[in-house]
Amino acid sequence: MADVVETVTLDDVALVTIDNPPVNALGQAVRQGLIDAIDAAEANPAIRAIVLIGAGGTFPAGADIREFAQFDSGAPAPEPWLPQVCNRIEACGKPVVAALHGTALGGGFEVALAAHWRVAHPAARMGFPEVNLGLVPGAGGTQRAPRLAGAKVALDLMLSGKPIRATEALATGLIDEIAEHDLIDTALARARTMADAAAAGHPPVPTSNRTEGTRDPAAYEAEVRARRAKVANPNIIAPSKIVDCVEAALLLPTETGRAFENAAFGDCLTSPASIGLRHAFLAERRVAKVPELARATAREVAQVGVIGGGLMGAGIASALLGAGLSVVMIERDHDALAKGLERVAVIHQRAVDKGRLTEAARDAEWDRLNGGTDMSVLAGADLVIEAVFEDFDVKAGVFRALDQVLKPGAILATNTSYLDIDALAATVSRPSDVIGLHFFSPANVMKLVEVVVGKATADDVVATGFALAKRLGKIAVRAGNIDGFIGNRILSAYRTATDFLLEDGATPAQIDAAMRSFGFPVGPYQVIDMAGLEISWARRKRLAATRDPGARYVDIGDLMCEAGWIGQKSGRGYYVYENGARSGVENPDVLALIAAERDRKGIIARDISANEIRRRALAAMVNEGAHLLQAGIALRPSDIDMVMLFGYGFPRWRGGPMKAADQAGLVQIRKDLQSFAEGEPEFWEPSPLLLDLIKTGRNFGSLNEG
Ligand code: T1G
């Protein structure tokens, strides 16, 4: 492996380059290389100063997140640790200048803060994203940044996790200079100037001795107190720890403050939330590792057709326009088309009103939107997405019409949320050009797209689906062709488990509260009321013929639909929504219906704890996920996690249902499944994959390659 840290001597300056693609992460070899380079330069009498820079696109973007995974099992970090590297840089007897470009993040920015001067490329950004991983900056950042810029700036950066531009960093004192010309030349010149000053008896002040940020202790403490009041969270400790560390920078001597930070970092590193958040970070990037993408390249897509201007079609059109594509929206008649285009205009205006889109950008997007009622206008389209009524015959009719007009090589995508992709592909002359692109509503907001691959789907069509999703800034997950694909299938299992609880003694509000305490933003019955009960009712009716008559079936949802209680849109569902209110109150009629159903089935209601609700919900999701893995519908467990995070509000800090199962322990999940099986043995039957993982001493994480 080429040296990840290389030193070139330029007259009297050592230019130390970190070269560890793709983001110069500070893995063990880089850390050791930096220590060696500083030692060598300091010992070399010909060297008067040192410049640190990253090769490729960026200064180090942080510690190596992959390396942390080994600590989940408690293994010690390989030395030298990053704090030691930073302390060594700061203690160097010769000036060290950090030259920043790209994204100097986390440990990378901490290395820069330990240097004696920071000069940045104008386009560089810097920050502390550790909090997004459930961590505190653990290499001196919580002690050095406040000394330069004060508590407010440091806490804004560390609690938001968002990077700032070089100009902002300069204004706060976190960096010292922006290179107006060549970054390296500027850094070299600065290094020599500092060496001259040192030779004249004015050595640089180590960052840890700087006081610009701590000169007003009262204001500093007030900022700490104000922040502390807002960040308490029993599940995610990093924000509170960050506040404590920044406070320590004011109150404790340097060495003690560093030790305080190190202890806080250790607490965070082993916390379930950091394990979950770091899993999510890597899983988000792993989803793109799909066999078809290794075998083919995406087709060019410039012009896209969207069939249907309803809620989904308008959302998809808006997302496409936002990605710079030209869109032709097709509707059955001019009235429907006008309504569809109007929906896009409303989405655009909302974005402008919220400052997410300038009027000029809105106008430019609008100029790339055309509409029609005759599919012949799609003759030039590279890809067409149908988002018409969720009925096979309707969609098949659209596909047959498209097949007549689209050019060879054009892709036919369906936005269906559960219909059979292979059956749809069989209706056209080009089944290999058919794919599922299952967007989630609202499609201009939700990041998840399930890319559903049919038996005939060509590799480059799959690659095109992934490329399009990436261009839309979305997370694409590969799904096999099965009813409900990945997300809706798991959602169905989750709701079956909670419906059983409704009959057994829980109320919708209790179940929703329990799942909100698990970390979902809203509970399952609140979600159903928002989406509309009729959607899952249609699915149940569609599957009725194939349902096991001996299996337990809960009629509550069907009875509610028959009574017209289909959720917010009807003013009542599991909750009552007075005068179109967004949040409802419990629907007494539903409680009465549930009680009547218990009587009819001879069920004696029992008290059900929030903990049991949460365990049953998770076990149902995990078991269905294991079934999907076994059937090859999902490529890996972490793909299932990403579907549930980005499509269904599963709490990110838990990493997803499969990660949560690993954190709970698969033996516990099996125990739960077995204890729940009493009432519905078929439903709770443990997946063979789950049992096999337990038997072989593995977990779901062991199936997430790479
Ligand atoms: N460690 C390991 N791999 C990383 C990485 C990291 N820090 N950052 C990115 N990668 C990989 C990523 O998995 C992907 O790999 C490839 O690089 C491109 O990433 C002690 C404790 C820098 C803005 O949190 O925000 O320092 O999939 O697709 O869109 O205080 O990556 O190709 O195999 O995201 O151009 C703090 C995380 C760490 C920064 C680039 N740093 N990275 O975005 O590319 S903790 C972070 C990012 C820490 C210290 C603490 C982004 C990016 P693969 P990508 P991108």
# chains A, B, ... in the order shown; residues from 1 in each chain; ligands from 1
>>> select_by_dssp(residues="stretch 101-221 of chain A", states="alpha helix (DSSP H)", output="PDB file with N, CA and C atoms, in the first residue's frame")
ATOM      1  N   GLY A 107     -12.342  14.643  13.045  1.00  0.00           N
ATOM      2  CA  GLY A 107     -10.935  14.507  13.417  1.00  0.00           C
ATOM      3  C   GLY A 107     -10.017  15.262  12.479  1.00  0.00           C
ATOM      4  N   GLY A 108     -10.434  15.428  11.226  1.00  0.00           N
ATOM      5  CA  GLY A 108      -9.624  16.200  10.282  1.00  0.00           C
ATOM      6  C   GLY A 108      -9.533  17.652  10.729  1.00  0.00           C
ATOM      7  N   PHE A 109     -10.664  18.211  11.136  1.00  0.00           N
ATOM      8  CA  PHE A 109     -10.645  19.603  11.597  1.00  0.00           C
ATOM      9  C   PHE A 109      -9.898  19.685  12.930  1.00  0.00           C
ATOM     10  N   GLU A 110      -9.974  18.639  13.715  1.00  0.00           N
ATOM     11  CA  GLU A 110      -9.240  18.645  14.985  1.00  0.00           C
ATOM     12  C   GLU A 110      -7.737  18.642  14.764  1.00  0.00           C
ATOM     13  N   VAL A 111      -7.286  17.921  13.731  1.00  0.00           N
ATOM     14  CA  VAL A 111      -5.853  17.973  13.373  1.00  0.00           C
ATOM     15  C   VAL A 111      -5.484  19.400  12.999  1.00  0.00           C
ATOM     16  N   ALA A 112      -6.357  20.055  12.241  1.00  0.00           N
ATOM     17  CA  ALA A 112      -6.080  21.438  11.823  1.00  0.00           C
ATOM     18  C   ALA A 112      -6.062  22.371  13.031  1.00  0.00           C
ATOM     19  N   LEU A 113      -6.968  22.153  13.978  1.00  0.00           N
ATOM     20  CA  LEU A 113      -7.009  23.017  15.163  1.00  0.00           C
ATOM     21  C   LEU A 113      -5.765  22.848  16.021  1.00  0.00           C
ATOM     22  N   ALA A 114      -5.155  21.665  15.972  1.00  0.00           N
ATOM     23  CA  ALA A 114      -3.932  21.433  16.750  1.00  0.00           C
ATOM     24  C   ALA A 114      -2.734  22.101  16.079  1.00  0.00           C
ATOM     25  N   GLY A 141     -10.987  18.556  19.925  1.00  0.00           N
ATOM     26  CA  GLY A 141     -11.798  19.611  19.320  1.00  0.00           C
ATOM     27  C   GLY A 141     -12.649  20.364  20.326  1.00  0.00           C
ATOM     28  N   THR A 142     -13.178  19.650  21.328  1.00  0.00           N
ATOM     29  CA  THR A 142     -14.060  20.332  22.296  1.00  0.00           C
ATOM     30  C   THR A 142     -13.254  21.241  23.226  1.00  0.00           C
ATOM     31  N   GLN A 143     -11.946  21.041  23.236  1.00  0.00           N
ATOM     32  CA  GLN A 143     -11.091  21.874  24.095  1.00  0.00           C
ATOM     33  C   GLN A 143     -10.413  22.998  23.309  1.00  0.00           C
ATOM     34  N   ARG A 144     -10.098  22.749  22.053  1.00  0.00           N
ATOM     35  CA  ARG A 144      -9.379  23.763  21.282  1.00  0.00           C
ATOM     36  C   ARG A 144     -10.324  24.751  20.595  1.00  0.00           C
ATOM     37  N   ALA A 145     -11.427  24.235  20.010  1.00  0.00           N
ATOM     38  CA  ALA A 145     -12.313  25.145  19.270  1.00  0.00           C
ATOM     39  C   ALA A 145     -12.855  26.257  20.164  1.00  0.00           C
ATOM     40  N   PRO A 146     -13.323  25.943  21.402  1.00  0.00           N
ATOM     41  CA  PRO A 146     -13.870  27.035  22.229  1.00  0.00           C
ATOM     42  C   PRO A 146     -12.815  28.065  22.594  1.00  0.00           C
ATOM     43  N   ARG A 147     -11.558  27.620  22.711  1.00  0.00           N
ATOM     44  CA  ARG A 147     -10.496  28.568  23.080  1.00  0.00           C
ATOM     45  C   ARG A 147     -10.267  29.576  21.960  1.00  0.00           C
ATOM     46  N   LEU A 148     -10.531  29.141  20.739  1.00  0.00           N
ATOM     47  CA  LEU A 148     -10.337  30.054  19.607  1.00  0.00           C
ATOM     48  C   LEU A 148     -11.575  30.902  19.375  1.00  0.00           C
ATOM     49  N   ALA A 149     -12.772  30.257  19.505  1.00  0.00           N
ATOM     50  CA  ALA A 149     -13.977  30.926  18.991  1.00  0.00           C
ATOM     51  C   ALA A 149     -15.077  31.095  20.021  1.00  0.00           C
ATOM     52  N   GLY A 150     -14.880  30.588  21.244  1.00  0.00           N
ATOM     53  CA  GLY A 150     -15.897  30.752  22.277  1.00  0.00           C
ATOM     54  C   GLY A 150     -16.921  29.632  22.279  1.00  0.00           C
ATOM     55  N   ALA A 151     -17.771  29.636  23.317  1.00  0.00           N
ATOM     56  CA  ALA A 151     -18.704  28.534  23.522  1.00  0.00           C
ATOM     57  C   ALA A 151     -19.799  28.509  22.473  1.00  0.00           C
ATOM     58  N   LYS A 152     -20.343  29.671  22.128  1.00  0.00           N
ATOM     59  CA  LYS A 152     -21.489  29.670  21.193  1.00  0.00           C
ATOM     60  C   LYS A 152     -21.093  29.083  19.849  1.00  0.00           C
ATOM     61  N   VAL A 153     -20.019  29.568  19.286  1.00  0.00           N
ATOM     62  CA  VAL A 153     -19.586  29.074  17.963  1.00  0.00           C
ATOM     63  C   VAL A 153     -19.288  27.590  18.037  1.00  0.00           C
ATOM     64  N   ALA A 154     -18.548  27.195  19.080  1.00  0.00           N
ATOM     65  CA  ALA A 154     -18.175  25.778  19.204  1.00  0.00           C
ATOM     66  C   ALA A 154     -19.416  24.911  19.355  1.00  0.00           C
ATOM     67  N   LEU A 155     -20.359  25.343  20.178  1.00  0.00           N
ATOM     68  CA  LEU A 155     -21.560  24.526  20.403  1.00  0.00           C
ATOM     69  C   LEU A 155     -22.467  24.528  19.179  1.00  0.00           C
ATOM     70  N   ASP A 156     -22.567  25.663  18.501  1.00  0.00           N
ATOM     71  CA  ASP A 156     -23.354  25.681  17.245  1.00  0.00           C
ATOM     72  C   ASP A 156     -22.811  24.625  16.288  1.00  0.00           C
ATOM     73  N   LEU A 157     -21.503  24.617  16.121  1.00  0.00           N
ATOM     74  CA  LEU A 157     -20.888  23.671  15.180  1.00  0.00           C
ATOM     75  C   LEU A 157     -21.080  22.234  15.640  1.00  0.00           C
ATOM     76  N   MET A 158     -20.798  21.985  16.904  1.00  0.00           N
ATOM     77  CA  MET A 158     -20.754  20.595  17.379  1.00  0.00           C
ATOM     78  C   MET A 158     -22.143  20.014  17.584  1.00  0.00           C
ATOM     79  N   LEU A 159     -23.113  20.841  17.945  1.00  0.00           N
ATOM     80  CA  LEU A 159     -24.465  20.310  18.178  1.00  0.00           C
ATOM     81  C   LEU A 159     -25.263  20.218  16.890  1.00  0.00           C
ATOM     82  N   SER A 160     -24.932  21.061  15.912  1.00  0.00           N
ATOM     83  CA  SER A 160     -25.646  20.970  14.624  1.00  0.00           C
ATOM     84  C   SER A 160     -25.016  19.885  13.748  1.00  0.00           C
ATOM     85  N   ALA A 166     -15.492  28.536   4.614  1.00  0.00           N
ATOM     86  CA  ALA A 166     -14.212  29.103   5.069  1.00  0.00           C
ATOM     87  C   ALA A 166     -14.384  30.537   5.548  1.00  0.00           C
ATOM     88  N   THR A 167     -15.222  31.288   4.869  1.00  0.00           N
ATOM     89  CA  THR A 167     -15.395  32.697   5.277  1.00  0.00           C
ATOM     90  C   THR A 167     -15.995  32.788   6.680  1.00  0.00           C
ATOM     91  N   GLU A 168     -16.940  31.880   6.972  1.00  0.00           N
ATOM     92  CA  GLU A 168     -17.543  31.886   8.320  1.00  0.00           C
ATOM     93  C   GLU A 168     -16.506  31.473   9.362  1.00  0.00           C
ATOM     94  N   ALA A 169     -15.717  30.457   9.013  1.00  0.00           N
ATOM     95  CA  ALA A 169     -14.688  29.976   9.952  1.00  0.00           C
ATOM     96  C   ALA A 169     -13.662  31.071  10.209  1.00  0.00           C
ATOM     97  N   LEU A 170     -13.341  31.820   9.192  1.00  0.00           N
ATOM     98  CA  LEU A 170     -12.373  32.932   9.362  1.00  0.00           C
ATOM     99  C   LEU A 170     -12.943  33.988  10.299  1.00  0.00           C
ATOM    100  N   ALA A 171     -14.203  34.278  10.103  1.00  0.00           N
ATOM    101  CA  ALA A 171     -14.842  35.325  10.929  1.00  0.00           C
ATOM    102  C   ALA A 171     -14.885  34.914  12.400  1.00  0.00           C
ATOM    103  N   THR A 172     -14.942  33.630  12.667  1.00  0.00           N
ATOM    104  CA  THR A 172     -15.046  33.181  14.070  1.00  0.00           C
ATOM    105  C   THR A 172     -13.664  32.968  14.689  1.00  0.00           C
ATOM    106  N   LEU A 183      -3.223  27.432  -2.798  1.00  0.00           N
ATOM    107  CA  LEU A 183      -3.281  27.068  -1.377  1.00  0.00           C
ATOM    108  C   LEU A 183      -1.914  26.664  -0.857  1.00  0.00           C
ATOM    109  N   ILE A 184      -1.220  25.816  -1.573  1.00  0.00           N
ATOM    110  CA  ILE A 184       0.064  25.319  -1.072  1.00  0.00           C
ATOM    111  C   ILE A 184       1.087  26.455  -1.000  1.00  0.00           C
ATOM    112  N   ASP A 185       1.125  27.263  -2.043  1.00  0.00           N
ATOM    113  CA  ASP A 185       2.083  28.398  -2.017  1.00  0.00           C
ATOM    114  C   ASP A 185       1.793  29.301  -0.829  1.00  0.00           C
ATOM    115  N   THR A 186       0.513  29.574  -0.607  1.00  0.00           N
ATOM    116  CA  THR A 186       0.145  30.441   0.522  1.00  0.00           C
ATOM    117  C   THR A 186       0.584  29.805   1.842  1.00  0.00           C
ATOM    118  N   ALA A 187       0.369  28.505   1.952  1.00  0.00           N
ATOM    119  CA  ALA A 187       0.730  27.802   3.190  1.00  0.00           C
ATOM    120  C   ALA A 187       2.247  27.794   3.388  1.00  0.00           C
ATOM    121  N   LEU A 188       2.971  27.587   2.319  1.00  0.00           N
ATOM    122  CA  LEU A 188       4.443  27.571   2.423  1.00  0.00           C
ATOM    123  C   LEU A 188       4.965  28.937   2.842  1.00  0.00           C
ATOM    124  N   ALA A 189       4.392  29.965   2.236  1.00  0.00           N
ATOM    125  CA  ALA A 189       4.844  31.330   2.584  1.00  0.00           C
ATOM    126  C   ALA A 189       4.546  31.617   4.053  1.00  0.00           C
ATOM    127  N   ARG A 190       3.345  31.198   4.478  1.00  0.00           N
ATOM    128  CA  ARG A 190       2.981  31.425   5.879  1.00  0.00           C
ATOM    129  C   ARG A 190       3.924  30.659   6.804  1.00  0.00           C
ATOM    130  N   ALA A 191       4.240  29.442   6.428  1.00  0.00           N
ATOM    131  CA  ALA A 191       5.119  28.623   7.264  1.00  0.00           C
ATOM    132  C   ALA A 191       6.471  29.321   7.440  1.00  0.00           C
ATOM    133  N   ARG A 192       6.996  29.868   6.357  1.00  0.00           N
ATOM    134  CA  ARG A 192       8.304  30.547   6.436  1.00  0.00           C
ATOM    135  C   ARG A 192       8.201  31.825   7.286  1.00  0.00           C
ATOM    136  N   THR A 193       7.139  32.556   7.118  1.00  0.00           N
ATOM    137  CA  THR A 193       6.938  33.767   7.936  1.00  0.00           C
ATOM    138  C   THR A 193       6.912  33.404   9.416  1.00  0.00           C
ATOM    139  N   MET A 194       6.233  32.319   9.735  1.00  0.00           N
ATOM    140  CA  MET A 194       6.139  31.906  11.138  1.00  0.00           C
ATOM    141  C   MET A 194       7.481  31.401  11.650  1.00  0.00           C
ATOM    142  N   ALA A 195       8.235  30.769  10.762  1.00  0.00           N
ATOM    143  CA  ALA A 195       9.574  30.305  11.167  1.00  0.00           C
ATOM    144  C   ALA A 195      10.479  31.500  11.454  1.00  0.00           C
ATOM    145  N   ASP A 196      10.356  32.533  10.622  1.00  0.00           N
ATOM    146  CA  ASP A 196      11.153  33.752  10.862  1.00  0.00           C
ATOM    147  C   ASP A 196      10.767  34.360  12.214  1.00  0.00           C
ATOM    148  N   ALA A 197       9.466  34.419  12.462  1.00  0.00           N
ATOM    149  CA  ALA A 197       9.003  35.010  13.729  1.00  0.00           C
ATOM    150  C   ALA A 197       9.504  34.188  14.912  1.00  0.00           C
ATOM    151  N   ALA A 198       9.472  32.875  14.747  1.00  0.00           N
ATOM    152  CA  ALA A 198       9.950  32.003  15.838  1.00  0.00           C
ATOM    153  C   ALA A 198      11.438  32.262  16.082  1.00  0.00           C
ATOM    154  N   ALA A 199      12.166  32.395  14.985  1.00  0.00           N
ATOM    155  CA  ALA A 199      13.617  32.633  15.104  1.00  0.00           C
ATOM    156  C   ALA A 199      13.893  33.974  15.792  1.00  0.00           C
ATOM    157  N   PRO A 217     -15.916  34.614  30.765  1.00  0.00           N
ATOM    158  CA  PRO A 217     -16.382  33.361  31.365  1.00  0.00           C
ATOM    159  C   PRO A 217     -17.882  33.359  31.664  1.00  0.00           C
ATOM    160  N   ALA A 218     -18.404  34.514  32.059  1.00  0.00           N
ATOM    161  CA  ALA A 218     -19.842  34.567  32.413  1.00  0.00           C
ATOM    162  C   ALA A 218     -20.683  34.267  31.176  1.00  0.00           C
ATOM    163  N   ALA A 219     -20.347  34.900  30.066  1.00  0.00           N
ATOM    164  CA  ALA A 219     -21.105  34.671  28.823  1.00  0.00           C
ATOM    165  C   ALA A 219     -20.926  33.229  28.374  1.00  0.00           C
ATOM    166  N   TYR A 220     -19.721  32.737  28.528  1.00  0.00           N
ATOM    167  CA  TYR A 220     -19.401  31.354  28.133  1.00  0.00           C
ATOM    168  C   TYR A 220     -20.287  30.397  28.930  1.00  0.00           C
ATOM    169  N   GLU A 221     -20.303  30.559  30.240  1.00  0.00           N
ATOM    170  CA  GLU A 221     -21.097  29.684  31.100  1.00  0.00           C
ATOM    171  C   GLU A 221     -22.587  29.812  30.799  1.00  0.00           C
TER     172      GLU A 221
END
>>> residues_around(residues="stretch 620-627 of chain A", least_positions_apart="2", cutoff="9 Å", atoms="only C-alpha atoms", output="JSON, numbers by chain")
{"A": [486, 489, 490, 491, 492, 493, 494, 495, 496, 497, 615, 616, 617, 618, 629, 630, 631, 632, 633, 634, 637, 640, 657, 658, 660, 661, 669, 673, 683, 684, 685, 686, 687, 688, 689, 690, 700]}
>>> write_last_selection(atoms="N, CA, C and O atoms", output="short mmCIF file (atom, residue, chain, number, x, y, z; two decimals), in the first residue's frame")
data_model
loop_
_atom_site.label_atom_id
_atom_site.label_comp_id
_atom_site.auth_asym_id
_atom_site.auth_seq_id
_atom_site.Cartn_x
_atom_site.Cartn_y
_atom_site.Cartn_z
N ILE A 486 -40.04 -4.48 0.04
CA ILE A 486 -39.42 -4.63 1.36
C ILE A 486 -40.21 -3.86 2.41
O ILE A 486 -40.74 -4.41 3.37
N ARG A 489 -43.97 -4.65 3.08
CA ARG A 489 -44.13 -6.00 3.62
C ARG A 489 -43.81 -6.01 5.12
O ARG A 489 -44.50 -6.63 5.93
N ILE A 490 -42.76 -5.27 5.46
CA ILE A 490 -42.41 -5.20 6.88
C ILE A 490 -43.45 -4.38 7.64
O ILE A 490 -43.86 -4.72 8.75
N LEU A 491 -43.93 -3.31 6.99
CA LEU A 491 -44.98 -2.50 7.62
C LEU A 491 -46.21 -3.35 7.89
O LEU A 491 -46.84 -3.25 8.95
N SER A 492 -46.54 -4.24 6.95
CA SER A 492 -47.72 -5.08 7.12
C SER A 492 -47.56 -6.00 8.32
O SER A 492 -48.48 -6.18 9.12
N ALA A 493 -46.35 -6.54 8.49
CA ALA A 493 -46.11 -7.42 9.64
C ALA A 493 -46.21 -6.62 10.94
O ALA A 493 -46.81 -7.07 11.92
N TYR A 494 -45.66 -5.43 10.92
CA TYR A 494 -45.71 -4.53 12.09
C TYR A 494 -47.16 -4.25 12.47
O TYR A 494 -47.57 -4.38 13.62
N ARG A 495 -48.00 -3.95 11.47
CA ARG A 495 -49.39 -3.61 11.76
C ARG A 495 -50.19 -4.84 12.17
O ARG A 495 -51.11 -4.76 12.99
N THR A 496 -49.86 -5.99 11.62
CA THR A 496 -50.55 -7.21 12.05
C THR A 496 -50.30 -7.44 13.53
O THR A 496 -51.21 -7.71 14.30
N ALA A 497 -49.04 -7.22 13.93
CA ALA A 497 -48.69 -7.42 15.35
C ALA A 497 -49.44 -6.42 16.23
O ALA A 497 -49.97 -6.79 17.28
N ARG A 615 -41.65 -4.62 22.03
CA ARG A 615 -40.98 -5.88 21.72
C ARG A 615 -41.71 -6.65 20.62
O ARG A 615 -41.09 -7.21 19.71
N ARG A 616 -43.03 -6.64 20.68
CA ARG A 616 -43.80 -7.35 19.65
C ARG A 616 -43.63 -6.66 18.29
O ARG A 616 -43.44 -7.32 17.27
N ALA A 617 -43.66 -5.36 18.30
CA ALA A 617 -43.51 -4.63 17.03
C ALA A 617 -42.15 -4.91 16.41
O ALA A 617 -42.05 -5.25 15.23
N LEU A 618 -41.10 -4.84 17.22
CA LEU A 618 -39.75 -5.07 16.69
C LEU A 618 -39.59 -6.51 16.23
O LEU A 618 -39.10 -6.77 15.13
N LEU A 629 -34.80 -11.58 3.56
CA LEU A 629 -33.40 -11.89 3.27
C LEU A 629 -33.30 -13.31 2.72
O LEU A 629 -32.66 -13.57 1.71
N GLN A 630 -34.00 -14.20 3.39
CA GLN A 630 -33.96 -15.61 3.00
C GLN A 630 -34.48 -15.78 1.57
O GLN A 630 -33.96 -16.56 0.79
N ALA A 631 -35.47 -14.96 1.21
CA ALA A 631 -36.08 -15.07 -0.12
C ALA A 631 -35.30 -14.27 -1.17
O ALA A 631 -35.68 -14.22 -2.33
N GLY A 632 -34.25 -13.61 -0.73
CA GLY A 632 -33.43 -12.85 -1.68
C GLY A 632 -34.10 -11.58 -2.15
O GLY A 632 -33.69 -10.97 -3.14
N ILE A 633 -35.13 -11.15 -1.44
CA ILE A 633 -35.82 -9.91 -1.83
C ILE A 633 -34.99 -8.70 -1.44
O ILE A 633 -34.95 -7.70 -2.13
N ALA A 634 -34.32 -8.81 -0.28
CA ALA A 634 -33.37 -7.76 0.15
C ALA A 634 -31.96 -8.35 0.05
O ALA A 634 -31.76 -9.53 0.35
N PRO A 637 -29.10 -7.24 5.37
CA PRO A 637 -29.91 -6.68 6.47
C PRO A 637 -29.87 -5.16 6.52
O PRO A 637 -30.89 -4.51 6.74
N ILE A 640 -32.42 -3.40 4.51
CA ILE A 640 -33.74 -3.37 5.17
C ILE A 640 -33.77 -2.22 6.17
O ILE A 640 -34.73 -1.47 6.26
N PRO A 657 -34.36 -1.88 12.05
CA PRO A 657 -34.84 -3.04 12.80
C PRO A 657 -33.82 -4.18 12.90
O PRO A 657 -33.69 -4.79 13.96
N MET A 658 -33.07 -4.41 11.83
CA MET A 658 -32.11 -5.53 11.87
C MET A 658 -30.95 -5.19 12.80
O MET A 658 -30.46 -6.04 13.54
N ALA A 660 -31.22 -3.11 15.33
CA ALA A 660 -31.81 -3.11 16.68
C ALA A 660 -31.90 -4.54 17.19
O ALA A 660 -31.71 -4.81 18.38
N ALA A 661 -32.18 -5.49 16.29
CA ALA A 661 -32.23 -6.90 16.70
C ALA A 661 -30.85 -7.37 17.16
O ALA A 661 -30.71 -8.04 18.17
N ILE A 669 -34.61 -12.05 20.61
CA ILE A 669 -35.66 -11.94 19.58
C ILE A 669 -36.35 -13.30 19.42
O ILE A 669 -37.57 -13.40 19.36
N LEU A 673 -40.26 -14.15 20.04
CA LEU A 673 -41.11 -14.78 19.02
C LEU A 673 -41.80 -16.01 19.59
O LEU A 673 -43.00 -16.24 19.41
N PHE A 683 -47.85 -16.75 12.53
CA PHE A 683 -47.32 -15.40 12.35
C PHE A 683 -45.96 -15.23 13.03
O PHE A 683 -45.07 -14.61 12.49
N TRP A 684 -45.83 -15.84 14.22
CA TRP A 684 -44.61 -15.60 15.01
C TRP A 684 -43.54 -16.69 14.79
O TRP A 684 -42.50 -16.65 15.42
N GLU A 685 -43.80 -17.60 13.88
CA GLU A 685 -42.82 -18.68 13.64
C GLU A 685 -41.47 -18.06 13.29
O GLU A 685 -41.36 -17.31 12.32
N PRO A 686 -40.40 -18.31 14.06
CA PRO A 686 -39.10 -17.69 13.76
C PRO A 686 -38.61 -18.08 12.37
O PRO A 686 -38.70 -19.23 11.97
N SER A 687 -38.05 -17.10 11.67
CA SER A 687 -37.49 -17.38 10.34
C SER A 687 -36.34 -18.36 10.47
O SER A 687 -35.52 -18.26 11.39
N PRO A 688 -36.22 -19.31 9.55
CA PRO A 688 -35.08 -20.25 9.59
C PRO A 688 -33.74 -19.51 9.58
O PRO A 688 -32.80 -19.94 10.22
N LEU A 689 -33.70 -18.37 8.90
CA LEU A 689 -32.43 -17.63 8.85
C LEU A 689 -32.06 -17.15 10.25
O LEU A 689 -30.91 -17.28 10.68
N LEU A 690 -33.04 -16.66 10.98
CA LEU A 690 -32.77 -16.19 12.35
C LEU A 690 -32.22 -17.33 13.19
O LEU A 690 -31.20 -17.19 13.88
N PHE A 700 -27.14 -10.46 12.32
CA PHE A 700 -27.47 -9.90 11.01
C PHE A 700 -26.30 -9.08 10.46
O PHE A 700 -26.02 -9.10 9.26
#
>>> residues_near_ligand(ligand="ligand 1", cutoff="6 Å", atoms="only C-alpha atoms and all ligand atoms", output="PyMOL selection string")
chain A and resi 22-23+25+61-66+105-107+129-130+137-139+282+285-286
>>> residues_around(residues="A:Pro253", least_positions_apart="5", cutoff="12 Å", atoms="only C-alpha atoms", output="list of chain:residue names")
A:Gln143, A:Ser208, A:Asn209, A:Glu247, A:Ala248, A:Arg258, A:Ala259, A:Phe260
>>> write_last_selection(atoms="N, CA and C atoms", output="PDB file, in the first residue's frame")
ATOM      1  N   GLN A 143     -11.946  21.041  23.236  1.00  0.00           N
ATOM      2  CA  GLN A 143     -11.091  21.874  24.095  1.00  0.00           C
ATOM      3  C   GLN A 143     -10.413  22.998  23.309  1.00  0.00           C
ATOM      4  N   SER A 208      -4.063  25.360  22.469  1.00  0.00           N
ATOM      5  CA  SER A 208      -4.540  25.086  23.832  1.00  0.00           C
ATOM      6  C   SER A 208      -4.221  26.217  24.795  1.00  0.00           C
ATOM      7  N   ASN A 209      -3.313  27.115  24.377  1.00  0.00           N
ATOM      8  CA  ASN A 209      -2.999  28.253  25.246  1.00  0.00           C
ATOM      9  C   ASN A 209      -3.679  29.536  24.782  1.00  0.00           C
ATOM     10  N   GLU A 247     -17.846  22.976  28.343  1.00  0.00           N
ATOM     11  CA  GLU A 247     -17.766  23.623  29.668  1.00  0.00           C
ATOM     12  C   GLU A 247     -16.426  23.294  30.318  1.00  0.00           C
ATOM     13  N   ALA A 248     -15.977  22.061  30.167  1.00  0.00           N
ATOM     14  CA  ALA A 248     -14.698  21.641  30.759  1.00  0.00           C
ATOM     15  C   ALA A 248     -13.545  22.466  30.191  1.00  0.00           C
ATOM     16  N   ARG A 258      -8.718  17.514  28.450  1.00  0.00           N
ATOM     17  CA  ARG A 258      -8.551  16.483  27.421  1.00  0.00           C
ATOM     18  C   ARG A 258      -8.980  15.109  27.954  1.00  0.00           C
ATOM     19  N   ALA A 259      -8.622  14.863  29.211  1.00  0.00           N
ATOM     20  CA  ALA A 259      -9.013  13.567  29.801  1.00  0.00           C
ATOM     21  C   ALA A 259     -10.530  13.487  29.935  1.00  0.00           C
ATOM     22  N   PHE A 260     -11.142  14.628  30.280  1.00  0.00           N
ATOM     23  CA  PHE A 260     -12.614  14.681  30.397  1.00  0.00           C
ATOM     24  C   PHE A 260     -13.249  14.354  29.043  1.00  0.00           C
TER      25      PHE A 260
END
